[in-house]
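Heads up, upload16.cif below (mmCIF, C-alpha atoms):
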```cif
data_entry
loop_
_atom_site.label_atom_id
_atom_site.label_comp_id
_atom_site.auth_asym_id
_atom_site.auth_seq_id
_atom_site.Cartn_x
_atom_site.Cartn_y
_atom_site.Cartn_z
CA LYS L 1 -17.16 -177.66 -11.46
CA GLN L 2 -14.46 -175.04 -11.79
CA GLU L 3 -15.65 -171.57 -12.75
CA VAL L 4 -13.38 -168.71 -13.76
CA THR L 5 -14.45 -165.08 -13.62
CA GLN L 6 -12.60 -162.08 -15.01
CA ILE L 7 -13.23 -158.53 -13.91
CA PRO L 8 -13.60 -156.08 -15.50
CA ALA L 9 -15.08 -157.32 -18.78
CA ALA L 10 -13.76 -154.23 -20.54
CA LEU L 11 -11.26 -151.53 -19.67
CA SER L 12 -10.10 -148.40 -21.48
CA VAL L 13 -7.16 -146.39 -20.14
CA PRO L 14 -4.75 -143.74 -21.44
CA GLU L 15 -1.32 -144.79 -22.61
CA GLY L 16 1.32 -144.93 -19.90
CA GLU L 17 -0.94 -146.02 -17.05
CA ASN L 18 -0.27 -149.06 -14.92
CA LEU L 19 -3.24 -151.41 -14.73
CA VAL L 20 -4.46 -154.58 -13.07
CA LEU L 21 -6.65 -157.30 -14.52
CA ASN L 22 -8.38 -159.66 -12.14
CA CYS L 23 -9.18 -163.36 -12.34
CA SER L 24 -10.96 -165.47 -9.74
CA PHE L 25 -11.65 -169.20 -9.65
CA THR L 26 -13.97 -171.26 -7.48
CA ASP L 27 -11.90 -174.40 -6.81
CA SER L 28 -8.47 -173.74 -5.30
CA ALA L 29 -7.15 -177.23 -6.12
CA ILE L 30 -5.38 -176.27 -9.33
CA TYR L 31 -2.26 -177.42 -11.20
CA ASN L 32 -1.52 -174.05 -12.70
CA LEU L 33 -2.96 -170.82 -14.05
CA GLN L 34 -2.10 -169.26 -17.36
CA TRP L 35 -2.66 -165.79 -18.80
CA PHE L 36 -3.17 -165.39 -22.54
CA ARG L 37 -3.54 -162.54 -24.94
CA GLN L 38 -5.90 -162.71 -27.94
CA ASP L 39 -5.89 -160.19 -30.76
CA PRO L 40 -9.04 -159.85 -32.92
CA GLY L 41 -9.43 -162.77 -35.31
CA LYS L 42 -6.29 -164.44 -34.00
CA GLY L 43 -5.31 -167.32 -31.78
CA LEU L 44 -4.21 -167.18 -28.17
CA THR L 45 -0.69 -166.22 -27.20
CA SER L 46 0.63 -167.40 -23.85
CA LEU L 47 1.87 -164.59 -21.62
CA LEU L 48 2.64 -166.18 -18.27
CA LEU L 49 2.19 -169.56 -16.59
CA ILE L 50 2.09 -169.78 -12.80
CA GLN L 51 2.36 -173.23 -11.28
CA SER L 52 0.36 -173.98 -8.15
CA SER L 53 3.47 -173.83 -5.96
CA GLN L 54 4.45 -170.37 -7.22
CA ARG L 55 3.24 -166.96 -6.08
CA GLU L 56 4.14 -164.87 -9.12
CA GLN L 57 5.77 -164.75 -12.52
CA THR L 58 7.24 -161.82 -14.42
CA SER L 59 7.91 -161.20 -18.08
CA GLY L 60 8.99 -157.73 -19.14
CA ARG L 61 6.24 -155.26 -18.20
CA LEU L 62 3.91 -158.05 -17.12
CA ASN L 63 3.62 -159.50 -13.64
CA ALA L 64 1.13 -162.18 -12.66
CA SER L 65 0.38 -163.20 -9.11
CA LEU L 66 -1.44 -166.21 -7.73
CA ASP L 67 -3.20 -166.63 -4.39
CA LYS L 68 -4.50 -170.17 -4.48
CA SER L 69 -6.14 -170.10 -1.08
CA SER L 70 -8.36 -167.16 -2.00
CA GLY L 71 -8.85 -168.32 -5.61
CA ARG L 72 -7.42 -165.18 -7.19
CA SER L 73 -4.86 -164.08 -9.73
CA THR L 74 -3.95 -160.66 -11.02
CA LEU L 75 -2.14 -159.56 -14.15
CA TYR L 76 -0.28 -156.30 -13.70
CA ILE L 77 0.70 -154.36 -16.83
CA ALA L 78 3.19 -151.56 -16.29
CA ALA L 79 3.47 -148.46 -18.47
CA SER L 80 0.73 -149.53 -20.86
CA GLN L 81 1.14 -148.99 -24.62
CA PRO L 82 -1.38 -148.94 -27.49
CA GLY L 83 0.09 -152.26 -28.65
CA ASP L 84 -1.16 -153.82 -25.42
CA SER L 85 -4.73 -153.44 -26.67
CA ALA L 86 -6.22 -156.94 -26.87
CA THR L 87 -8.42 -159.36 -24.96
CA TYR L 88 -6.70 -160.95 -21.98
CA LEU L 89 -7.80 -164.41 -20.93
CA CYS L 90 -7.17 -166.25 -17.69
CA ALA L 91 -7.24 -170.07 -17.72
CA VAL L 92 -7.01 -172.60 -14.93
CA ASP L 93 -5.91 -176.24 -15.09
CA SER L 94 -7.93 -177.89 -12.38
CA GLY L 95 -6.20 -181.25 -12.49
CA GLY L 96 -8.18 -184.40 -12.03
CA GLY L 97 -8.62 -186.84 -14.88
CA ALA L 98 -9.41 -184.35 -17.61
CA ASP L 99 -6.62 -182.52 -19.35
CA GLY L 100 -7.91 -179.13 -20.25
CA LEU L 101 -8.11 -175.52 -19.27
CA THR L 102 -11.12 -173.69 -17.87
CA PHE L 103 -11.23 -170.18 -19.27
CA GLY L 104 -12.65 -166.93 -18.07
CA LYS L 105 -14.53 -164.81 -20.59
CA GLY L 106 -11.72 -162.30 -20.81
CA THR L 107 -11.04 -158.62 -20.27
CA HIS L 108 -11.16 -156.48 -23.42
CA LEU L 109 -8.43 -153.87 -22.97
CA ILE L 110 -8.09 -150.67 -24.97
CA ILE L 111 -5.08 -148.41 -24.47
CA GLN L 112 -5.79 -144.92 -25.77
CA PRO L 113 -2.84 -143.19 -27.51
CA ASN W 114 9.14 -173.85 -35.62
CA ALA W 115 5.65 -173.68 -37.05
CA GLY W 116 4.07 -174.45 -33.65
CA VAL W 117 0.42 -175.47 -33.91
CA THR W 118 -1.06 -175.37 -37.41
CA GLN W 119 -4.78 -175.51 -38.10
CA THR W 120 -6.46 -175.93 -41.47
CA PRO W 121 -8.64 -174.62 -42.95
CA LYS W 122 -8.83 -171.08 -41.56
CA PHE W 123 -12.39 -170.57 -42.77
CA GLN W 124 -15.14 -173.01 -43.75
CA VAL W 125 -18.81 -172.82 -44.61
CA LEU W 126 -20.85 -176.02 -44.37
CA LYS W 127 -24.42 -176.89 -45.06
CA THR W 128 -26.46 -178.54 -42.33
CA GLY W 129 -25.85 -182.27 -42.37
CA GLN W 130 -22.48 -182.17 -44.09
CA SER W 131 -19.43 -183.68 -42.47
CA MET W 132 -15.87 -182.39 -42.39
CA THR W 133 -12.55 -182.71 -40.59
CA LEU W 134 -10.67 -179.86 -38.99
CA GLN W 135 -6.95 -180.52 -39.09
CA CYS W 136 -4.47 -179.78 -36.31
CA ALA W 137 -0.75 -180.51 -36.41
CA GLN W 138 2.06 -179.58 -34.04
CA ASP W 139 5.79 -179.92 -34.57
CA MET W 140 6.92 -179.56 -30.94
CA ASN W 141 6.60 -183.25 -30.00
CA HIS W 142 3.99 -182.38 -27.39
CA GLU W 143 2.08 -185.20 -25.74
CA TYR W 144 -1.00 -183.21 -24.76
CA MET W 145 -3.38 -181.88 -27.40
CA SER W 146 -6.90 -180.51 -27.12
CA TRP W 147 -9.73 -178.88 -29.05
CA TYR W 148 -11.75 -175.88 -27.86
CA ARG W 149 -14.59 -173.90 -29.32
CA GLN W 150 -15.00 -170.19 -28.71
CA ASP W 151 -18.44 -168.62 -28.79
CA PRO W 152 -19.48 -165.03 -27.97
CA GLY W 153 -20.46 -164.73 -24.33
CA MET W 154 -19.41 -168.33 -23.58
CA GLY W 155 -15.64 -168.15 -23.62
CA LEU W 156 -13.57 -171.14 -24.68
CA ARG W 157 -14.90 -174.60 -23.89
CA LEU W 158 -13.08 -177.92 -24.11
CA ILE W 159 -14.42 -180.38 -26.71
CA HIS W 160 -11.96 -183.32 -26.66
CA TYR W 161 -8.43 -183.89 -25.52
CA SER W 162 -5.59 -186.37 -25.86
CA VAL W 163 -2.73 -187.14 -23.49
CA GLY W 164 -0.77 -189.13 -26.06
CA ALA W 165 -1.01 -191.12 -29.27
CA GLY W 166 -3.89 -193.59 -29.09
CA ILE W 167 -5.49 -191.91 -26.07
CA THR W 168 -8.44 -189.53 -26.31
CA ASP W 169 -11.22 -188.42 -24.01
CA GLN W 170 -14.21 -186.11 -23.87
CA GLY W 171 -14.24 -182.60 -22.57
CA GLU W 172 -17.12 -180.34 -21.61
CA VAL W 173 -18.96 -180.19 -24.97
CA PRO W 174 -18.14 -183.38 -26.97
CA ASN W 175 -21.51 -184.09 -28.61
CA GLY W 176 -21.40 -184.03 -32.41
CA TYR W 177 -17.61 -184.32 -32.59
CA ASN W 178 -15.17 -187.19 -32.93
CA VAL W 179 -11.40 -187.27 -32.53
CA SER W 180 -8.56 -189.72 -32.98
CA ARG W 181 -4.83 -189.53 -32.27
CA SER W 182 -2.84 -191.94 -34.39
CA THR W 183 0.39 -189.93 -34.23
CA THR W 184 1.95 -187.53 -31.74
CA GLU W 185 1.81 -184.70 -34.30
CA ASP W 186 -1.80 -184.81 -35.51
CA PHE W 187 -5.14 -184.44 -33.74
CA PRO W 188 -8.02 -184.04 -36.23
CA LEU W 189 -11.54 -183.05 -35.15
CA ARG W 190 -14.43 -184.54 -37.12
CA LEU W 191 -17.90 -183.09 -37.39
CA LEU W 192 -20.17 -185.98 -38.21
CA SER W 193 -23.31 -184.11 -39.29
CA ALA W 194 -22.93 -180.36 -39.04
CA ALA W 195 -25.60 -178.31 -37.27
CA PRO W 196 -26.04 -174.52 -37.04
CA SER W 197 -25.23 -174.80 -33.31
CA GLN W 198 -21.70 -175.82 -34.31
CA THR W 199 -21.06 -172.44 -35.88
CA SER W 200 -18.06 -171.27 -33.88
CA VAL W 201 -14.34 -170.61 -33.89
CA TYR W 202 -12.37 -173.76 -33.17
CA PHE W 203 -8.93 -173.76 -31.57
CA CYS W 204 -6.43 -176.56 -31.24
CA ALA W 205 -3.85 -176.44 -28.46
CA SER W 206 -0.84 -178.47 -27.39
CA ARG W 207 1.51 -178.62 -24.42
CA ASN W 208 4.49 -180.73 -23.50
CA THR W 209 3.43 -181.77 -20.02
CA ARG W 210 0.60 -180.95 -17.64
CA ASN W 211 2.57 -178.12 -16.06
CA THR W 212 3.88 -176.30 -19.11
CA GLU W 213 2.38 -173.54 -21.16
CA ALA W 214 -0.21 -174.30 -23.81
CA PHE W 215 0.31 -173.23 -27.41
CA PHE W 216 -2.69 -172.46 -29.58
CA GLY W 217 -3.27 -172.54 -33.31
CA GLN W 218 -4.72 -169.58 -35.21
CA GLY W 219 -8.20 -171.06 -35.25
CA THR W 220 -10.77 -172.26 -37.77
CA ARG W 221 -13.85 -170.12 -38.23
CA LEU W 222 -16.73 -172.46 -39.11
CA THR W 223 -20.16 -171.38 -40.27
CA VAL W 224 -22.96 -173.92 -40.67
CA VAL W 225 -25.92 -172.72 -42.71
#
```

In C-alpha coordinates, how does this file's structure come out?
Amino acid sequence: KQEVTQIPAALSVPEGENLVLNCSFTDSAIYNLQWFRQDPGKGLTSLLLIQSSQREQTSGRLNASLDKSSGRSTLYIAASQPGDSATYLCAVDSGGGADGLTFGKGTHLIIQP
Amino acid sequence: NAGVTQTPKFQVLKTGQSMTLQCAQDMNHEYMSWYRQDPGMGLRLIHYSVGAGITDQGEVPNGYNVSRSTTEDFPLRLLSAAPSQTSVYFCASRNTRNTEAFFGQGTRLTVV
(Lines of atoms letter the chains of each structure in order from A and count residues from 1; the text may use other names and numbers.)
(Lines give C-alpha, C1' and ligand atoms only; values in the text may rest on other atoms or scores of the structure.)
Protein backbone atom coordinates (compact mmCIF):
# COMPACT_ATOMS: atom_id res chain seq x y z
CA LYS A 1 0.00 0.00 0.00
CA GLN A 2 1.34 3.39 -0.98
CA GLU A 3 2.26 5.68 1.89
CA VAL A 4 3.13 9.35 1.53
CA THR A 5 5.08 11.28 4.15
CA GLN A 6 5.66 15.01 4.29
CA ILE A 7 8.41 16.64 6.29
CA PRO A 8 8.34 18.96 8.11
CA ALA A 9 4.79 18.94 9.47
CA ALA A 10 5.06 22.65 10.20
CA LEU A 11 7.43 25.41 9.17
CA SER A 12 7.67 29.09 10.06
CA VAL A 13 10.12 31.35 8.22
CA PRO A 14 10.64 35.09 7.71
CA GLU A 15 9.38 36.70 4.53
CA GLY A 16 11.82 36.62 1.64
CA GLU A 17 13.45 33.29 2.43
CA ASN A 18 13.70 30.46 -0.04
CA LEU A 19 12.36 27.18 1.33
CA VAL A 20 11.97 23.51 0.51
CA LEU A 21 9.12 21.19 1.39
CA ASN A 22 9.72 17.47 1.23
CA CYS A 23 7.52 14.57 0.19
CA SER A 24 8.44 10.89 0.16
CA PHE A 25 6.48 7.88 -1.05
CA THR A 26 7.02 4.17 -0.52
CA ASP A 27 6.10 2.70 -3.92
CA SER A 28 8.01 4.18 -6.86
CA ALA A 29 5.58 2.82 -9.47
CA ILE A 30 3.54 5.99 -9.84
CA TYR A 31 1.61 7.71 -12.65
CA ASN A 32 2.21 11.20 -11.35
CA LEU A 33 2.66 13.38 -8.30
CA GLN A 34 0.77 16.55 -7.58
CA TRP A 35 1.34 19.41 -5.15
CA PHE A 36 -1.64 21.27 -3.73
CA ARG A 37 -2.19 24.26 -1.54
CA GLN A 38 -5.01 24.41 1.03
CA ASP A 39 -6.05 27.57 2.83
CA PRO A 40 -7.96 27.26 6.13
CA GLY A 41 -11.56 26.19 5.58
CA LYS A 42 -11.07 25.98 1.83
CA GLY A 43 -10.64 23.37 -0.85
CA LEU A 44 -7.43 22.26 -2.49
CA THR A 45 -5.80 24.26 -5.24
CA SER A 46 -3.49 22.46 -7.64
CA LEU A 47 -0.01 23.97 -7.84
CA LEU A 48 2.03 21.60 -9.97
CA LEU A 49 1.62 18.17 -11.55
CA ILE A 50 4.69 16.09 -12.38
CA GLN A 51 4.17 13.07 -14.58
CA SER A 52 6.24 9.96 -13.90
CA SER A 53 8.43 10.59 -16.94
CA GLN A 54 9.29 14.15 -15.86
CA ARG A 55 11.95 15.35 -13.45
CA GLU A 56 10.58 18.78 -12.57
CA GLN A 57 7.92 21.38 -13.19
CA THR A 58 7.99 25.13 -12.63
CA SER A 59 5.29 27.72 -12.13
CA GLY A 60 6.33 31.23 -11.17
CA ARG A 61 8.20 31.08 -7.85
CA LEU A 62 7.43 27.39 -7.43
CA ASN A 63 9.57 24.51 -8.60
CA ALA A 64 8.76 20.87 -7.97
CA SER A 65 11.15 18.01 -8.58
CA LEU A 66 10.56 14.29 -8.75
CA ASP A 67 13.01 11.44 -8.16
CA LYS A 68 10.94 8.32 -8.72
CA SER A 69 13.70 5.85 -8.00
CA SER A 70 14.29 7.22 -4.52
CA GLY A 71 10.60 7.95 -3.88
CA ARG A 72 11.05 11.66 -3.28
CA SER A 73 9.71 15.00 -4.39
CA THR A 74 10.52 18.50 -3.26
CA LEU A 75 8.61 21.75 -3.61
CA TYR A 76 10.88 24.77 -3.74
CA ILE A 77 9.35 28.18 -2.99
CA ALA A 78 11.51 31.15 -3.89
CA ALA A 79 11.34 34.55 -2.19
CA SER A 80 8.52 33.57 0.15
CA GLN A 81 5.67 36.02 0.86
CA PRO A 82 3.06 36.17 3.65
CA GLY A 83 0.45 35.17 1.06
CA ASP A 84 2.23 31.84 0.69
CA SER A 85 1.08 30.88 4.18
CA ALA A 86 -1.08 27.76 3.83
CA THR A 87 -0.94 23.99 4.14
CA TYR A 88 0.88 22.29 1.28
CA LEU A 89 -0.16 18.78 0.35
CA CYS A 90 1.65 16.21 -1.76
CA ALA A 91 -0.41 13.51 -3.51
CA VAL A 92 0.62 10.48 -5.51
CA ASP A 93 -1.35 8.58 -8.14
CA SER A 94 -0.12 5.04 -7.79
CA GLY A 95 -1.84 3.63 -10.84
CA GLY A 96 -3.30 0.18 -10.75
CA GLY A 97 -7.03 -0.35 -10.93
CA ALA A 98 -8.07 2.33 -8.49
CA ASP A 99 -8.34 5.91 -9.63
CA GLY A 100 -7.41 8.07 -6.72
CA LEU A 101 -4.68 10.01 -5.03
CA THR A 102 -2.79 9.05 -1.90
CA PHE A 103 -2.11 12.15 0.17
CA GLY A 104 0.49 13.11 2.68
CA LYS A 105 -0.67 14.87 5.83
CA GLY A 106 0.73 18.18 4.67
CA THR A 107 3.18 20.85 5.73
CA HIS A 108 1.66 23.83 7.52
CA LEU A 109 3.65 26.85 6.35
CA ILE A 110 3.69 30.25 8.01
CA ILE A 111 5.57 33.15 6.41
CA GLN A 112 6.27 35.86 8.95
CA PRO A 113 5.97 39.45 7.63
CA ASN B 1 -16.10 28.14 -15.47
CA ALA B 2 -17.52 27.16 -12.11
CA GLY B 3 -15.20 24.12 -11.85
CA VAL B 4 -16.27 21.66 -9.16
CA THR B 5 -19.30 22.70 -7.11
CA GLN B 6 -20.27 21.02 -3.86
CA THR B 7 -23.48 21.52 -1.91
CA PRO B 8 -24.22 22.05 0.89
CA LYS B 9 -21.19 23.75 2.44
CA PHE B 10 -22.24 22.87 5.98
CA GLN B 11 -24.60 20.23 7.37
CA VAL B 12 -25.54 18.90 10.78
CA LEU B 13 -27.21 15.49 10.94
CA LYS B 14 -28.56 13.37 13.72
CA THR B 15 -27.31 9.82 14.09
CA GLY B 16 -29.27 7.54 11.80
CA GLN B 17 -30.37 10.19 9.34
CA SER B 18 -29.55 9.91 5.67
CA MET B 19 -28.49 12.60 3.24
CA THR B 20 -26.86 13.20 -0.13
CA LEU B 21 -23.83 15.38 -0.72
CA GLN B 22 -23.95 16.88 -4.18
CA CYS B 23 -21.01 17.31 -6.54
CA ALA B 24 -21.15 18.76 -10.04
CA GLN B 25 -18.42 19.69 -12.50
CA ASP B 26 -18.73 21.63 -15.73
CA MET B 27 -15.38 20.67 -17.29
CA ASN B 28 -16.57 17.46 -18.98
CA HIS B 29 -14.13 15.44 -16.89
CA GLU B 30 -14.40 11.67 -16.96
CA TYR B 31 -12.78 10.99 -13.59
CA MET B 32 -14.51 12.00 -10.37
CA SER B 33 -13.84 11.01 -6.77
CA TRP B 34 -14.85 11.65 -3.18
CA TYR B 35 -12.43 12.12 -0.27
CA ARG B 36 -12.86 12.77 3.40
CA GLN B 37 -10.41 14.86 5.40
CA ASP B 38 -9.93 14.22 9.10
CA PRO B 39 -7.43 15.80 11.52
CA GLY B 40 -4.28 13.71 11.72
CA MET B 41 -5.47 11.36 8.94
CA GLY B 42 -5.08 13.45 5.83
CA LEU B 43 -7.39 12.94 2.86
CA ARG B 44 -8.68 9.44 2.17
CA LEU B 45 -10.47 8.16 -0.91
CA ILE B 46 -14.08 7.03 -0.39
CA HIS B 47 -15.38 6.21 -3.89
CA TYR B 48 -14.42 7.07 -7.42
CA SER B 49 -15.78 6.95 -10.95
CA VAL B 50 -13.95 6.72 -14.27
CA GLY B 51 -17.00 7.60 -16.34
CA ALA B 52 -20.78 7.66 -16.39
CA GLY B 53 -22.19 4.37 -15.15
CA ILE B 54 -18.89 3.22 -13.63
CA THR B 55 -18.08 3.49 -9.93
CA ASP B 56 -15.79 1.70 -7.52
CA GLN B 57 -14.70 1.71 -3.90
CA GLY B 58 -11.74 3.52 -2.47
CA GLU B 59 -9.98 3.14 0.85
CA VAL B 60 -12.90 3.96 3.20
CA PRO B 61 -16.20 3.13 1.41
CA ASN B 62 -18.25 1.71 4.30
CA GLY B 63 -21.41 3.68 5.04
CA TYR B 64 -21.39 5.52 1.71
CA ASN B 65 -23.00 4.93 -1.67
CA VAL B 66 -22.38 6.62 -5.00
CA SER B 67 -23.82 6.59 -8.50
CA ARG B 68 -22.79 8.29 -11.74
CA SER B 69 -25.70 8.67 -14.13
CA THR B 70 -24.21 11.67 -15.97
CA THR B 71 -20.70 12.93 -16.68
CA GLU B 72 -21.38 16.10 -14.67
CA ASP B 73 -22.76 14.76 -11.38
CA PHE B 74 -21.36 12.43 -8.73
CA PRO B 75 -23.50 12.45 -5.56
CA LEU B 76 -22.36 10.80 -2.32
CA ARG B 77 -25.06 9.24 -0.15
CA LEU B 78 -24.81 8.60 3.57
CA LEU B 79 -27.24 5.81 4.30
CA SER B 80 -27.43 6.04 8.10
CA ALA B 81 -25.19 8.74 9.51
CA ALA B 82 -22.84 7.92 12.39
CA PRO B 83 -20.68 10.25 14.52
CA SER B 84 -17.61 8.63 12.91
CA GLN B 85 -18.69 10.22 9.62
CA THR B 86 -18.16 13.70 11.02
CA SER B 87 -15.61 15.07 8.59
CA VAL B 88 -14.94 17.46 5.74
CA TYR B 89 -15.84 15.91 2.40
CA PHE B 90 -14.20 16.89 -0.87
CA CYS B 91 -15.18 16.05 -4.41
CA ALA B 92 -12.56 16.09 -7.15
CA SER B 93 -12.47 15.69 -10.91
CA ARG B 94 -9.85 15.33 -13.62
CA ASN B 95 -9.93 14.93 -17.36
CA THR B 96 -7.64 11.94 -17.70
CA ARG B 97 -5.44 9.89 -15.40
CA ASN B 98 -2.44 12.10 -16.07
CA THR B 99 -3.93 15.56 -15.67
CA GLU B 100 -4.33 17.74 -12.63
CA ALA B 101 -7.18 17.18 -10.23
CA PHE B 102 -9.61 19.97 -9.39
CA PHE B 103 -11.29 20.03 -6.01
CA GLY B 104 -14.53 21.52 -4.75
CA GLN B 105 -14.69 23.78 -1.70
CA GLY B 106 -15.80 20.97 0.57
CA THR B 107 -18.79 20.05 2.73
CA ARG B 108 -18.30 20.20 6.47
CA LEU B 109 -20.53 17.51 8.00
CA THR B 110 -21.23 17.07 11.69
CA VAL B 111 -23.15 14.04 12.95
CA VAL B 112 -24.49 14.37 16.48

Per-residue nearest contacts chain W to chain L, cut-off 8 Å, using all atoms listed in the file, as a Markdown table:
```
| residue | atom | partner | partner_atom | distance |
| --- | --- | --- | --- | --- |
| W:Tyr144 | CA | L:Asp99 | CA | 7.8 |
| W:Ser146 | CA | L:Gly100 | CA | 7.1 |
| W:Gly153 | CA | L:Lys105 | CA | 7.0 |
| W:Met154 | CA | L:Lys105 | CA | 6.7 |
| W:Gly155 | CA | L:Lys105 | CA | 4.6 |
| W:Leu156 | CA | L:Phe103 | CA | 6.0 |
| W:Arg157 | CA | L:Thr102 | CA | 7.2 |
| W:Leu158 | CA | L:Gly100 | CA | 6.6 |
| W:Tyr161 | CA | L:Asp99 | CA | 6.6 |
| W:Ser162 | CA | L:Asp99 | CA | 7.6 |
| W:Val163 | CA | L:Asp99 | CA | 7.3 |
| W:Asp169 | CA | L:Ala98 | CA | 7.8 |
| W:Gly171 | CA | L:Ala98 | CA | 7.1 |
| W:Phe203 | CA | L:Gly43 | CA | 7.4 |
| W:Arg210 | CA | L:Asp99 | CA | 7.6 |
| W:Asn211 | CA | L:Asn32 | CA | 6.7 |
| W:Thr212 | CA | L:Leu49 | CA | 7.4 |
| W:Glu213 | CA | L:Leu49 | CA | 6.1 |
| W:Ala214 | CA | L:Ser46 | CA | 7.0 |
| W:Phe215 | CA | L:Ser46 | CA | 6.8 |
| W:Phe216 | CA | L:Leu44 | CA | 5.7 |
| W:Gly217 | CA | L:Gly43 | CA | 5.8 |
| W:Gln218 | CA | L:Gly43 | CA | 4.1 |
| W:Gly219 | CA | L:Gly43 | CA | 5.9 |
```

* Decode the PyMOL selection byres ((chain L and resi 3-16) around 12) for the given file into explicit residues and return them as a ChimeraX atom specification. => /L:1-2,17-28,30,33-35,61,71-75,77-94,101-113 /W:153-157

* To do: For each of W:Glu143, W:Thr220, W:Ser200, W:Asn208, take the minimum atom-to-atom distance to Arg181 of chain W, counting only C-alpha atoms, then give the residue where this is smallest.
  =>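 Residue with the minimum atom-to-atom distance to Arg181 of chain W: W:Glu143.
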
* Asked: What does the PyMOL selection byres ((chain W and resi 225) around 8) select in this file, as a count of residues only?
  -> 8

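Straight-line separation from atom CA of Leu192 of chain W to atom CA of Gln130 of chain W: 7.4 Å.
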
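Take the candidates W:Val173, W:Val117, W:Cys204, W:Leu134 and check each one against Leu222 of chain W using all atoms listed in the file; the shortest distance goes to W:Leu134.
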
* Would you work out the distance separating atom CA of Ser59 of chain L from atom CA of Gln150 of chain W, expressed in Å to one decimal? =>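 Distance reported for this atom pair: 26.8 Å.
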
* **Coordinates-based distance that separates atom CA of Leu189 of chain W from atom CA of Cys136 of chain W (Å, one decimal)** =>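 Spanning atom CA of Cys136 of chain W to atom CA of Leu189 of chain W is a straight-line distance of 7.9 Å.
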
* Up to 9 Å from (-9.8, -187.0, -38.2) in the file's coordinates: name the residues, counting all atoms listed in the file, as a ChimeraX atom specification. => /W:132-135,178-181,186-190
